[in-house]
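Take a look at the structure set out below.
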Amino acid sequence: MVVEPVRMRPQTADADGETLIAKVMATVSNRIAGRSLTPGARLPSIRAFATSLKVSKSTVVEAYERLAAEGLIRSRPGSGFFVAAPLAPLSLAEIGPRVEREVDPLWISRQALEADGNVLKPGCGWLPAPWMPDEGLRRALRAIARASASTLVEYGPPLGLLPLRQLLTRRLAQHGIEASPDQIMLTESGTQAIDLLCRFLVEPGEAVLVDDPCYFNFHALLRAHQARIVGIPYRPTGPDIERFAEALREHRPRLYITNSALHNPTGATLSPLVAHRLLKLADQSGLTIVEDDIFADFEEAPAPRLAAFDGLERVVHIGSFSKSLSAAVRCGFIVAPRDWIEPLTDLKIATSFGGAGFSAELVLTLLKDGSYRKHMETVRQRLSRAMAETIARLREIGLVPWIEPQAGMFVWCRLPDGSEAAELARRALASNIVLAPGNVFSHAQNAGSFLRFNVAQCEDERLFRDLAALLRR
């Protein structure tokens with residue numbers, strides 16, 4: 001009997017559990033980032049590097065191969081491995097949130113989106129990952145995996161998946177909005193919906209009304225379209241009607257963008273009286289209102305909808321599932337007058353081509369099987385508890401809510417006298433906390449003493465302890 005020789009596998013992990021291959025890769029990457037290895041430079045030979053790092057030659061070979069696969073180095077047969085060119089403009093050590101960036105409407109988004117798992121994000125605008133229906137999403141993905149190949153690989157129709165648009169008509173009817181499927185166009189998000197409407201309705205230099213404060217990305221998007229932003233002071237029942245009428249006379253705006261239910265950032269709800277007065281003014285001046293209703297499913301009881309009162313004459317209604325279902329599944333929609341849908345569809349084809357059929361199928365599956373309804377029932381209950389607990393804890397450290405919202409995830413709080421929200425937000429980053437300072441929501445820059453808190457992101461005790469310490473300073 002022939003006995004095979006025993007082959008020892010190269011050592012692949014050190015005492016700390018870090019693979020030796022990863023250690024070799026990190027050593028090379030850091031030298032390239034630090035410019036001790038420049039573009040075109042030859043890397044140490046496999047034998048020499050293995051000796052200097054006290055690892056096996058096979059470990060170095062594997063590390064070099066993986067770095068080559070990442071495009072950081074390249075192999076020249078017979079000559080060895082060389083640093084690829086060009087280098088990235090930033091070294092690895094420089095990658096991270098830009099604390100020195102001006103606190104503008106994109107500041108919160110950049111800080112929150114680039115934050116790692118150790119960062120608390122009470123200033124962000126979405127639910128924590130553990131609150132989301134990951135098991136329902138997995139079931140839906142498995143179901144879609146068994147669908148036809150066209151569902152998985154082809155463009156969706158520009159108007160969007162018909163069965164989902166049919167289901168949306170029934171959901172809209174629950175809020176008193178009567179719309180047929182041919183009045184609904186699916187988009188990749190609520191943001192894309194507003195972007196398309198701005199492209200369709202607004203010329204550079206034209207005035208657009210927004211609430212003050214309002215969702216900060218409205219500012220960023222309108223500036224991208226070179227619109228002239230006019231802020232209207234927002235009250236607990238809606239925009240200041242007198243100031244709204246003055247702005248109509250003075251600026252002759254084409255568009256007004258607002259949240260009618262669960263206003264962002266204040267958590268306020270539009271009253272029926274203010275809604276009727278708004279629509280009367282809009283009709284008299286030829287104003288179009290874009291009603292951003294992406295938080296509709298967070299409501300405990302339906303609030304008045306401008307689109308329901310108006311019958312989609314002067315109001316365009318938009319929605320999205322990014323905040324309630326998954327930010328990774330991009331699916332929103334526009335509900336508009338029938339004669340707007342055709343040109344909006346042409347505009348969508350010109351800017352993003354076909355529809356996101358895969359995302360639409362996923363949303364439809366979750367809406368039909370009951371997963372989404374059960375998920376949102378749980379979310380509303382959790383938010384109600386989190387709202388009460390967060391407001392109580394904020395009051396303890398001196399932050400006073402502007403109002404106590406009826407539902408949703410946002411509470412708009414005034415800081416103690418003398419505190420400046422933007423400066424507090426900068427200092428909080430050093431404690432790995434992303435806050436939402438008030439002036440990023442205010443076109444008039446008169447909310448410098450306010451912060452917006454997402455109560456779903458305020459469950460960690462460290463947040464209140466560190467905030468109290470920052471305020472004491």
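Chain identifiers are assigned as A, B, and so on, following the order in which chains appear in the structure tokens; residues are numbered from 1 within each chain, and ligands are numbered from 1 in order of appearance.
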Skip Leu306 in chain A itself and residues of its chain fewer than 6 positions away, then list as a CSV table (one decimal) with all heavy atoms, in the first residue's frame all residues within 12 Å of it, counting only C-alpha atoms.
```
chain,number,residue,atom,x,y,z
A,175,HIS,N,-57.2,56.8,1.3
A,175,HIS,CA,-56.9,58.2,1.7
A,175,HIS,C,-57.8,59.1,1.0
A,175,HIS,O,-57.5,60.3,1.0
A,175,HIS,CB,-55.4,58.5,1.5
A,175,HIS,CG,-54.5,57.7,2.3
A,175,HIS,ND1,-54.3,58.0,3.7
A,175,HIS,CD2,-53.7,56.7,2.0
A,175,HIS,CE1,-53.4,57.2,4.1
A,175,HIS,NE2,-53.0,56.4,3.2
A,176,GLY,N,-58.8,58.6,0.3
A,176,GLY,CA,-59.7,59.5,-0.4
A,176,GLY,C,-59.3,60.0,-1.8
A,176,GLY,O,-59.9,60.9,-2.4
A,177,ILE,N,-58.2,59.4,-2.3
A,177,ILE,CA,-57.6,59.8,-3.6
A,177,ILE,C,-58.1,58.9,-4.7
A,177,ILE,O,-57.8,57.7,-4.6
A,177,ILE,CB,-56.1,59.8,-3.5
A,177,ILE,CG1,-55.6,60.8,-2.4
A,177,ILE,CG2,-55.5,60.2,-4.9
A,177,ILE,CD1,-54.1,60.7,-2.2
A,178,GLU,N,-58.9,59.4,-5.6
A,178,GLU,CA,-59.4,58.6,-6.7
A,178,GLU,C,-58.5,58.7,-7.9
A,178,GLU,O,-58.3,59.8,-8.4
A,178,GLU,CB,-60.8,59.0,-7.0
A,178,GLU,CG,-61.8,58.8,-5.9
A,178,GLU,CD,-63.2,59.1,-6.3
A,178,GLU,OE1,-63.4,59.4,-7.5
A,178,GLU,OE2,-64.1,59.1,-5.5
A,238,GLY,N,-49.9,73.7,9.4
A,238,GLY,CA,-49.6,73.8,8.0
A,238,GLY,C,-48.9,75.1,7.8
A,238,GLY,O,-48.5,75.8,8.7
A,256,TYR,N,-45.3,74.4,-5.6
A,256,TYR,CA,-45.2,74.3,-4.1
A,256,TYR,C,-45.0,72.8,-3.7
A,256,TYR,O,-45.8,72.0,-4.1
A,256,TYR,CB,-46.4,74.9,-3.4
A,256,TYR,CG,-46.5,74.6,-1.9
A,256,TYR,CD1,-45.4,74.9,-1.1
A,256,TYR,CD2,-47.7,74.2,-1.4
A,256,TYR,CE1,-45.6,74.7,0.3
A,256,TYR,CE2,-47.9,73.9,0.0
A,256,TYR,CZ,-46.8,74.2,0.8
A,256,TYR,OH,-46.9,74.0,2.2
A,257,ILE,N,-43.9,72.5,-3.0
A,257,ILE,CA,-43.6,71.1,-2.6
A,257,ILE,C,-43.8,71.1,-1.1
A,257,ILE,O,-43.2,71.9,-0.3
A,257,ILE,CB,-42.2,70.7,-2.9
A,257,ILE,CG1,-42.0,70.9,-4.4
A,257,ILE,CG2,-41.9,69.3,-2.6
A,257,ILE,CD1,-40.5,70.6,-4.9
A,258,THR,N,-44.6,70.1,-0.6
A,258,THR,CA,-44.9,70.0,0.8
A,258,THR,C,-45.2,68.5,1.2
A,258,THR,O,-45.4,67.7,0.4
A,258,THR,CB,-46.1,70.8,1.2
A,258,THR,OG1,-46.2,70.9,2.6
A,258,THR,CG2,-47.3,70.3,0.5
A,259,ASN,N,-45.2,68.3,2.5
A,259,ASN,CA,-45.7,67.0,3.1
A,259,ASN,C,-47.0,67.4,3.8
A,259,ASN,O,-47.0,68.3,4.7
A,259,ASN,CB,-44.8,66.4,4.2
A,259,ASN,CG,-43.4,66.3,3.8
A,259,ASN,OD1,-42.5,66.9,4.3
A,259,ASN,ND2,-43.1,65.5,2.8
A,260,SER,N,-48.1,66.8,3.4
A,260,SER,CA,-49.4,67.2,4.1
A,260,SER,C,-49.6,66.4,5.3
A,260,SER,O,-50.2,66.8,6.3
A,260,SER,CB,-50.6,66.9,3.1
A,260,SER,OG,-50.6,65.6,2.7
A,261,ALA,N,-49.1,65.1,5.4
A,261,ALA,CA,-49.2,64.3,6.6
A,261,ALA,C,-47.8,64.0,7.1
A,261,ALA,O,-46.9,63.7,6.3
A,261,ALA,CB,-50.0,63.0,6.2
A,269,THR,N,-49.2,67.9,11.3
A,269,THR,CA,-50.2,67.4,10.3
A,269,THR,C,-51.0,68.5,9.8
A,269,THR,O,-51.5,69.4,10.6
A,269,THR,CB,-51.1,66.4,11.0
A,269,THR,OG1,-50.3,65.3,11.5
A,269,THR,CG2,-52.1,65.8,10.0
A,270,LEU,N,-51.2,68.6,8.5
A,270,LEU,CA,-52.0,69.6,7.9
A,270,LEU,C,-53.5,69.6,8.3
A,270,LEU,O,-54.1,68.5,8.3
A,270,LEU,CB,-51.9,69.5,6.4
A,270,LEU,CG,-52.6,70.5,5.5
A,270,LEU,CD1,-51.9,71.9,5.6
A,270,LEU,CD2,-52.7,70.0,4.0
A,271,SER,N,-54.0,70.7,8.7
A,271,SER,CA,-55.4,70.7,9.1
A,271,SER,C,-56.3,70.9,7.9
A,271,SER,O,-55.9,71.4,6.9
A,271,SER,CB,-55.7,71.9,10.1
A,271,SER,OG,-55.7,73.1,9.4
A,272,PRO,N,-57.6,70.4,8.0
A,272,PRO,CA,-58.5,70.5,6.8
A,272,PRO,C,-58.7,72.0,6.4
A,272,PRO,O,-58.8,72.3,5.3
A,272,PRO,CB,-59.8,69.9,7.4
A,272,PRO,CG,-59.4,68.9,8.4
A,272,PRO,CD,-58.2,69.6,9.1
A,273,LEU,N,-58.8,72.9,7.4
A,273,LEU,CA,-59.1,74.3,7.1
A,273,LEU,C,-57.9,74.9,6.3
A,273,LEU,O,-58.2,75.6,5.3
A,273,LEU,CB,-59.3,75.1,8.4
A,273,LEU,CG,-59.4,76.6,8.3
A,273,LEU,CD1,-60.7,76.9,7.4
A,273,LEU,CD2,-59.5,77.3,9.6
A,274,VAL,N,-56.7,74.6,6.8
A,274,VAL,CA,-55.5,75.2,6.0
A,274,VAL,C,-55.5,74.5,4.6
A,274,VAL,O,-55.1,75.2,3.6
A,274,VAL,CB,-54.2,74.9,6.8
A,274,VAL,CG1,-53.0,75.3,6.0
A,274,VAL,CG2,-54.3,75.7,8.1
A,275,ALA,N,-55.8,73.2,4.5
A,275,ALA,CA,-55.8,72.5,3.2
A,275,ALA,C,-56.7,73.2,2.3
A,275,ALA,O,-56.4,73.5,1.1
A,275,ALA,CB,-56.1,71.1,3.4
A,276,HIS,N,-57.9,73.5,2.7
A,276,HIS,CA,-58.9,74.1,1.8
A,276,HIS,C,-58.5,75.5,1.4
A,276,HIS,O,-58.6,75.9,0.2
A,276,HIS,CB,-60.3,74.2,2.5
A,276,HIS,CG,-61.0,72.9,2.5
A,276,HIS,ND1,-61.5,72.4,1.3
A,276,HIS,CD2,-61.4,72.1,3.5
A,276,HIS,CE1,-62.1,71.2,1.6
A,276,HIS,NE2,-62.1,71.0,2.9
A,277,ARG,N,-57.9,76.3,2.3
A,277,ARG,CA,-57.4,77.6,2.0
A,277,ARG,C,-56.2,77.6,1.0
A,277,ARG,O,-56.1,78.4,0.1
A,277,ARG,CB,-57.0,78.4,3.2
A,277,ARG,CG,-58.3,78.6,4.1
A,277,ARG,CD,-57.9,79.4,5.4
A,277,ARG,NE,-57.5,80.8,5.1
A,277,ARG,CZ,-57.0,81.6,6.0
A,277,ARG,NH1,-56.9,81.2,7.3
A,277,ARG,NH2,-56.7,82.9,5.7
A,278,LEU,N,-55.4,76.6,1.2
A,278,LEU,CA,-54.2,76.4,0.3
A,278,LEU,C,-54.7,76.1,-1.1
A,278,LEU,O,-54.2,76.7,-2.1
A,278,LEU,CB,-53.4,75.2,0.7
A,278,LEU,CG,-52.2,75.5,1.7
A,278,LEU,CD1,-51.6,74.1,2.1
A,278,LEU,CD2,-51.2,76.4,1.1
A,279,LEU,N,-55.7,75.2,-1.3
A,279,LEU,CA,-56.2,74.8,-2.6
A,279,LEU,C,-56.9,76.0,-3.3
A,279,LEU,O,-56.8,76.2,-4.5
A,279,LEU,CB,-57.1,73.6,-2.5
A,279,LEU,CG,-56.4,72.3,-2.1
A,279,LEU,CD1,-57.4,71.2,-1.8
A,279,LEU,CD2,-55.4,71.9,-3.2
A,280,LYS,N,-57.6,76.8,-2.5
A,280,LYS,CA,-58.2,78.0,-3.1
A,280,LYS,C,-57.2,78.9,-3.6
A,280,LYS,O,-57.4,79.5,-4.8
A,280,LYS,CB,-59.1,78.6,-2.0
A,280,LYS,CG,-59.9,79.8,-2.6
A,280,LYS,CD,-60.8,80.4,-1.5
A,280,LYS,CE,-61.7,81.5,-2.0
A,280,LYS,NZ,-62.6,82.1,-1.0
A,282,ALA,N,-54.1,78.2,-4.6
A,282,ALA,CA,-53.5,77.6,-5.7
A,282,ALA,C,-54.3,77.7,-7.0
A,282,ALA,O,-53.8,77.9,-8.1
A,282,ALA,CB,-53.2,76.1,-5.4
A,288,THR,N,-49.2,74.7,-9.0
A,288,THR,CA,-49.2,73.3,-8.9
A,288,THR,C,-48.6,72.9,-7.5
A,288,THR,O,-47.6,73.4,-7.2
A,288,THR,CB,-48.4,72.6,-10.0
A,288,THR,OG1,-49.0,72.9,-11.3
A,288,THR,CG2,-48.4,71.1,-9.8
A,289,ILE,N,-49.2,72.0,-6.8
A,289,ILE,CA,-48.8,71.5,-5.6
A,289,ILE,C,-48.3,70.1,-5.7
A,289,ILE,O,-49.0,69.2,-6.2
A,289,ILE,CB,-49.9,71.6,-4.5
A,289,ILE,CG1,-50.3,73.0,-4.3
A,289,ILE,CG2,-49.4,71.0,-3.1
A,289,ILE,CD1,-51.5,73.2,-3.3
A,290,VAL,N,-47.0,69.8,-5.3
A,290,VAL,CA,-46.5,68.5,-5.2
A,290,VAL,C,-46.6,68.0,-3.8
A,290,VAL,O,-46.0,68.6,-2.9
A,290,VAL,CB,-45.0,68.4,-5.7
A,290,VAL,CG1,-44.5,67.0,-5.5
A,290,VAL,CG2,-44.9,68.8,-7.1
A,291,GLU,N,-47.5,67.0,-3.5
A,291,GLU,CA,-47.7,66.5,-2.2
A,291,GLU,C,-46.8,65.2,-2.0
A,291,GLU,O,-47.1,64.1,-2.5
A,291,GLU,CB,-49.2,66.1,-2.1
A,291,GLU,CG,-49.6,65.6,-0.7
A,291,GLU,CD,-51.1,65.4,-0.6
A,291,GLU,OE1,-51.7,64.8,-1.6
A,291,GLU,OE2,-51.7,65.9,0.3
A,292,ASP,N,-45.8,65.4,-1.2
A,292,ASP,CA,-44.8,64.3,-0.9
A,292,ASP,C,-45.4,63.5,0.2
A,292,ASP,O,-45.4,64.0,1.4
A,292,ASP,CB,-43.5,64.9,-0.6
A,292,ASP,CG,-42.4,63.8,-0.3
A,292,ASP,OD1,-42.8,62.6,-0.3
A,292,ASP,OD2,-41.3,64.1,-0.1
A,293,ASP,N,-45.8,62.3,0.0
A,293,ASP,CA,-46.6,61.5,1.0
A,293,ASP,C,-45.8,60.2,1.3
A,293,ASP,O,-46.5,59.1,1.5
A,293,ASP,CB,-48.0,61.2,0.5
A,293,ASP,CG,-48.9,60.8,1.6
A,293,ASP,OD1,-48.7,61.2,2.8
A,293,ASP,OD2,-49.9,60.2,1.4
A,312,LEU,N,-56.9,65.7,-7.9
A,312,LEU,CA,-55.7,65.6,-8.9
A,312,LEU,C,-55.9,66.7,-10.0
A,312,LEU,O,-55.5,66.4,-11.2
A,312,LEU,CB,-55.5,64.2,-9.4
A,312,LEU,CG,-55.2,63.2,-8.4
A,312,LEU,CD1,-55.2,61.8,-9.0
A,312,LEU,CD2,-53.8,63.4,-7.8
A,313,GLU,N,-56.4,67.8,-9.7
A,313,GLU,CA,-56.5,68.9,-10.7
A,313,GLU,C,-55.2,69.8,-10.6
A,313,GLU,O,-54.5,70.0,-11.6
A,313,GLU,CB,-57.7,69.7,-10.4
A,313,GLU,CG,-59.0,69.0,-10.7
A,313,GLU,CD,-59.3,68.7,-12.2
A,313,GLU,OE1,-58.7,69.5,-13.0
A,313,GLU,OE2,-60.0,67.8,-12.5
A,314,ARG,N,-55.0,70.3,-9.4
A,314,ARG,CA,-53.8,71.1,-9.2
A,314,ARG,C,-52.7,70.4,-8.3
A,314,ARG,O,-51.7,71.0,-8.1
A,314,ARG,CB,-54.2,72.4,-8.5
A,314,ARG,CG,-55.2,73.3,-9.3
A,314,ARG,CD,-54.9,74.7,-9.3
A,314,ARG,NE,-53.6,74.9,-10.1
A,314,ARG,CZ,-53.6,75.1,-11.4
A,314,ARG,NH1,-54.7,75.1,-12.1
A,314,ARG,NH2,-52.4,75.3,-12.0
A,315,VAL,N,-53.0,69.3,-7.8
A,315,VAL,CA,-52.1,68.5,-6.9
A,315,VAL,C,-51.6,67.3,-7.6
A,315,VAL,O,-52.3,66.5,-8.2
A,315,VAL,CB,-52.8,68.2,-5.6
A,315,VAL,CG1,-51.9,67.4,-4.7
A,315,VAL,CG2,-53.4,69.4,-4.9
A,316,VAL,N,-50.3,67.1,-7.5
A,316,VAL,CA,-49.6,65.9,-7.9
A,316,VAL,C,-49.2,65.1,-6.6
A,316,VAL,O,-48.5,65.7,-5.8
A,316,VAL,CB,-48.4,66.1,-8.8
A,316,VAL,CG1,-47.8,64.8,-9.3
A,316,VAL,CG2,-48.8,67.0,-10.0
A,317,HIS,N,-49.5,63.9,-6.5
A,317,HIS,CA,-49.2,63.1,-5.3
A,317,HIS,C,-48.1,62.1,-5.6
A,317,HIS,O,-48.1,61.5,-6.6
A,317,HIS,CB,-50.5,62.3,-5.0
A,317,HIS,CG,-50.5,61.7,-3.6
A,317,HIS,ND1,-50.8,62.3,-2.5
A,317,HIS,CD2,-50.2,60.4,-3.3
A,317,HIS,CE1,-50.7,61.5,-1.4
A,317,HIS,NE2,-50.3,60.3,-1.9
A,318,ILE,N,-47.1,62.0,-4.7
A,318,ILE,CA,-46.1,61.1,-4.8
A,318,ILE,C,-45.9,60.2,-3.6
A,318,ILE,O,-46.3,60.6,-2.5
A,318,ILE,CB,-44.7,61.8,-5.2
A,318,ILE,CG1,-44.2,62.5,-4.0
A,318,ILE,CG2,-44.8,62.6,-6.4
A,318,ILE,CD1,-42.8,63.1,-4.2
```
Quick one: pick out all alpha helix (DSSP H) residues within range 156-283 of chain A from a backbone DSSP run and write them as number ranges by chain. A: 162-173, 190-201, 216-224, 241-251, 272-283
Taking C-alpha atoms for each residue, export the selection above as an mmCIF file, in the first residue's frame.
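Final output, saved to out_25.cif:
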```cif
data_model
loop_
_atom_site.group_PDB
_atom_site.id
_atom_site.type_symbol
_atom_site.label_atom_id
_atom_site.label_comp_id
_atom_site.auth_asym_id
_atom_site.auth_seq_id
_atom_site.Cartn_x
_atom_site.Cartn_y
_atom_site.Cartn_z
ATOM 1 C CA LEU A 162 -49.498 47.194 -14.130
ATOM 2 C CA PRO A 163 -50.559 44.879 -11.251
ATOM 3 C CA LEU A 164 -48.687 47.111 -8.783
ATOM 4 C CA ARG A 165 -50.296 50.251 -10.224
ATOM 5 C CA GLN A 166 -53.708 48.571 -9.911
ATOM 6 C CA LEU A 167 -53.015 47.723 -6.281
ATOM 7 C CA LEU A 168 -51.840 51.294 -5.614
ATOM 8 C CA THR A 169 -55.187 52.659 -6.826
ATOM 9 C CA ARG A 170 -56.906 50.693 -4.045
ATOM 10 C CA ARG A 171 -54.393 51.867 -1.430
ATOM 11 C CA LEU A 172 -54.802 55.498 -2.531
ATOM 12 C CA ALA A 173 -58.574 55.181 -2.230
ATOM 13 C CA GLY A 190 -39.726 59.592 -4.135
ATOM 14 C CA THR A 191 -36.657 61.656 -4.932
ATOM 15 C CA GLN A 192 -36.745 60.604 -8.576
ATOM 16 C CA ALA A 193 -40.449 61.450 -8.666
ATOM 17 C CA ILE A 194 -39.755 65.030 -7.513
ATOM 18 C CA ASP A 195 -36.783 65.292 -9.863
ATOM 19 C CA LEU A 196 -38.957 64.323 -12.842
ATOM 20 C CA LEU A 197 -41.656 66.812 -11.836
ATOM 21 C CA CYS A 198 -39.083 69.597 -11.490
ATOM 22 C CA ARG A 199 -37.702 68.768 -14.950
ATOM 23 C CA PHE A 200 -41.251 68.788 -16.306
ATOM 24 C CA LEU A 201 -42.551 71.946 -14.608
ATOM 25 C CA PHE A 216 -33.526 69.404 3.440
ATOM 26 C CA ASN A 217 -33.184 67.445 0.207
ATOM 27 C CA PHE A 218 -35.912 69.617 -1.340
ATOM 28 C CA HIS A 219 -33.387 72.473 -1.105
ATOM 29 C CA ALA A 220 -30.591 70.440 -2.684
ATOM 30 C CA LEU A 221 -32.783 69.160 -5.513
ATOM 31 C CA LEU A 222 -34.248 72.576 -6.330
ATOM 32 C CA ARG A 223 -30.793 74.121 -6.410
ATOM 33 C CA ALA A 224 -29.718 71.399 -8.830
ATOM 34 C CA ILE A 241 -51.563 81.150 4.913
ATOM 35 C CA GLU A 242 -51.017 84.922 4.982
ATOM 36 C CA ARG A 243 -47.342 84.553 4.123
ATOM 37 C CA PHE A 244 -48.275 81.987 1.474
ATOM 38 C CA ALA A 245 -50.645 84.455 -0.200
ATOM 39 C CA GLU A 246 -47.989 87.195 -0.080
ATOM 40 C CA ALA A 247 -45.447 84.888 -1.745
ATOM 41 C CA LEU A 248 -47.909 84.048 -4.522
ATOM 42 C CA ARG A 249 -48.421 87.738 -5.288
ATOM 43 C CA GLU A 250 -44.748 88.678 -5.053
ATOM 44 C CA HIS A 251 -42.969 85.717 -6.677
ATOM 45 C CA PRO A 272 -58.513 70.528 6.841
ATOM 46 C CA LEU A 273 -59.081 74.295 7.132
ATOM 47 C CA VAL A 274 -55.545 75.150 6.018
ATOM 48 C CA ALA A 275 -55.773 72.544 3.248
ATOM 49 C CA HIS A 276 -58.919 74.142 1.788
ATOM 50 C CA ARG A 277 -57.409 77.629 1.953
ATOM 51 C CA LEU A 278 -54.223 76.399 0.276
ATOM 52 C CA LEU A 279 -56.152 74.839 -2.588
ATOM 53 C CA LYS A 280 -58.233 77.968 -3.086
ATOM 54 C CA LEU A 281 -55.072 80.089 -3.353
ATOM 55 C CA ALA A 282 -53.469 77.559 -5.701
ATOM 56 C CA ASP A 283 -56.491 77.588 -7.982
#
```
Computed gap from CA of Val60 in chain A to CA of Met25 in chain A is 8.5 Å
Applying 12 Å and only C-alpha atoms, which residues near range 135-145 of chain A remain after dropping the ones on its own chain fewer than 3 positions away? List them as a VMD selection string. chain A and resid 129 to 132 148 to 153 325 to 329 357 to 375
Residues of range 149-346 of chain A in strand (DSSP E or B), written as a count of residues only: 40
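Shortest atom-to-atom contact with Leu435 in chain A among A:Ser109, A:Glu389, A:Asn30, A:Gln226: A:Ser109, counting only C-alpha atoms.
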Using only C-alpha atoms, the shortest atom-to-atom distance to Leu394 in chain A among A:Gly286, A:Pro122, A:Pro157, A:Gly332 belongs to A:Pro122
From the set A:Glu377, A:Glu461, A:Arg395, A:Val335, which residue has the shortest atom-to-atom contact distance to Ala308 in chain A, counting only C-alpha atoms? A:Val335
Selection: 8 Å around Ile433 in chain A, only C-alpha atoms, excl. self and same-chain fewer than 6 positions, as an MDAnalysis selection string: chainID A and resid 119:122 425 463
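Using only C-alpha atoms, the residues found no farther than 7 Å from Ser320 in chain A, other than those of its own chain fewer than 2 positions away, are Ser189, Gly190, Ile294, Ser322, Cys331, Gly332 and Phe333 of chain A.
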Please, could you write that set of residues out with all heavy atoms as a PDB file, in the first residue's frame?
```
ATOM      1  N   SER A 189     -37.846  56.047  -6.849  1.00  0.00           N
ATOM      2  CA  SER A 189     -37.883  56.580  -5.488  1.00  0.00           C
ATOM      3  C   SER A 189     -38.770  57.819  -5.466  1.00  0.00           C
ATOM      4  O   SER A 189     -39.151  58.342  -6.524  1.00  0.00           O
ATOM      5  CB  SER A 189     -36.471  56.957  -5.015  1.00  0.00           C
ATOM      6  OG  SER A 189     -35.942  58.004  -5.819  1.00  0.00           O
ATOM      7  N   GLY A 190     -39.043  58.315  -4.250  1.00  0.00           N
ATOM      8  CA  GLY A 190     -39.726  59.592  -4.135  1.00  0.00           C
ATOM      9  C   GLY A 190     -38.877  60.725  -4.652  1.00  0.00           C
ATOM     10  O   GLY A 190     -39.385  61.685  -5.242  1.00  0.00           O
ATOM     11  N   ILE A 294     -44.517  60.204   1.375  1.00  0.00           N
ATOM     12  CA  ILE A 294     -43.757  58.960   1.539  1.00  0.00           C
ATOM     13  C   ILE A 294     -43.904  58.350   2.933  1.00  0.00           C
ATOM     14  O   ILE A 294     -43.549  57.191   3.138  1.00  0.00           O
ATOM     15  CB  ILE A 294     -42.265  59.151   1.210  1.00  0.00           C
ATOM     16  CG1 ILE A 294     -41.600  60.111   2.196  1.00  0.00           C
ATOM     17  CG2 ILE A 294     -42.086  59.632  -0.215  1.00  0.00           C
ATOM     18  CD1 ILE A 294     -40.087  60.157   2.043  1.00  0.00           C
ATOM     19  N   SER A 322     -39.316  53.304   0.157  1.00  0.00           N
ATOM     20  CA  SER A 322     -37.938  53.277   0.646  1.00  0.00           C
ATOM     21  C   SER A 322     -37.859  53.382   2.162  1.00  0.00           C
ATOM     22  O   SER A 322     -37.037  52.727   2.798  1.00  0.00           O
ATOM     23  CB  SER A 322     -37.131  54.419   0.018  1.00  0.00           C
ATOM     24  OG  SER A 322     -37.047  54.289  -1.375  1.00  0.00           O
ATOM     25  N   CYS A 331     -38.383  51.904  -5.106  1.00  0.00           N
ATOM     26  CA  CYS A 331     -39.690  51.908  -5.769  1.00  0.00           C
ATOM     27  C   CYS A 331     -40.538  53.043  -5.215  1.00  0.00           C
ATOM     28  O   CYS A 331     -40.856  53.063  -4.020  1.00  0.00           O
ATOM     29  CB  CYS A 331     -40.403  50.570  -5.563  1.00  0.00           C
ATOM     30  SG  CYS A 331     -41.958  50.436  -6.481  1.00  0.00           S
ATOM     31  N   GLY A 332     -40.892  53.985  -6.074  1.00  0.00           N
ATOM     32  CA  GLY A 332     -41.781  55.082  -5.727  1.00  0.00           C
ATOM     33  C   GLY A 332     -42.828  55.239  -6.814  1.00  0.00           C
ATOM     34  O   GLY A 332     -42.922  54.418  -7.728  1.00  0.00           O
ATOM     35  N   PHE A 333     -43.629  56.318  -6.723  1.00  0.00           N
ATOM     36  CA  PHE A 333     -44.652  56.510  -7.758  1.00  0.00           C
ATOM     37  C   PHE A 333     -45.111  57.960  -7.782  1.00  0.00           C
ATOM     38  O   PHE A 333     -44.968  58.700  -6.806  1.00  0.00           O
ATOM     39  CB  PHE A 333     -45.853  55.584  -7.533  1.00  0.00           C
ATOM     40  CG  PHE A 333     -46.505  55.703  -6.183  1.00  0.00           C
ATOM     41  CD1 PHE A 333     -47.547  56.600  -5.966  1.00  0.00           C
ATOM     42  CD2 PHE A 333     -46.092  54.914  -5.124  1.00  0.00           C
ATOM     43  CE1 PHE A 333     -48.155  56.710  -4.730  1.00  0.00           C
ATOM     44  CE2 PHE A 333     -46.697  55.016  -3.866  1.00  0.00           C
ATOM     45  CZ  PHE A 333     -47.727  55.914  -3.668  1.00  0.00           C
TER      46      PHE A 333
END
```
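Picture a line from CA of Leu467 in chain A to CA of Ile397 in chain A; it runs 7.9 Å.
For the residues A:Cys413, A:Asp297, A:Glu62, A:Leu161, ranking by smallest atom-to-atom distance to Lys23 in chain A using only C-alpha atoms places A:Glu62 first.
Our summary of the geometry notes that CA of Asn454 in chain A is positioned 5.3 Å from CA of Met409 in chain A.
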Just the residues within 12 Å of Ala421 in chain A, please, counting only C-alpha atoms, with nothing from its chain fewer than 2 positions along; format it as a PyMOL selection string. chain A and resi 103+123+399+413-419+423-428+434-441+445-452+467+470-471
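Distances here use only C-alpha atoms; by that measure, the residue among A:Ala68, A:Val61, A:Ala268, A:Ala115 closest to Arg47 in chain A is A:Val61.
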As a ChimeraX atom specification, please: the residues near Ile21 in chain A (cut-off 6 Å, only C-alpha atoms, same-chain neighbours under 3 positions excluded). /A:24,59,63
Please, could you write that set of residues out with N, CA and C atoms as a compact mmCIF listing (two decimals), in the first residue's frame?
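File written: again.txt
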```txt
# COMPACT_ATOMS: atom_id res chain seq x y z
N VAL A 24 -0.86 40.51 4.72
CA VAL A 24 0.04 40.84 3.61
C VAL A 24 -0.60 41.87 2.69
N THR A 59 1.36 32.07 1.00
CA THR A 59 0.53 33.15 1.54
C THR A 59 0.75 34.43 0.75
N ALA A 63 -1.93 36.51 -1.60
CA ALA A 63 -2.18 37.93 -1.35
C ALA A 63 -1.95 38.76 -2.60
```
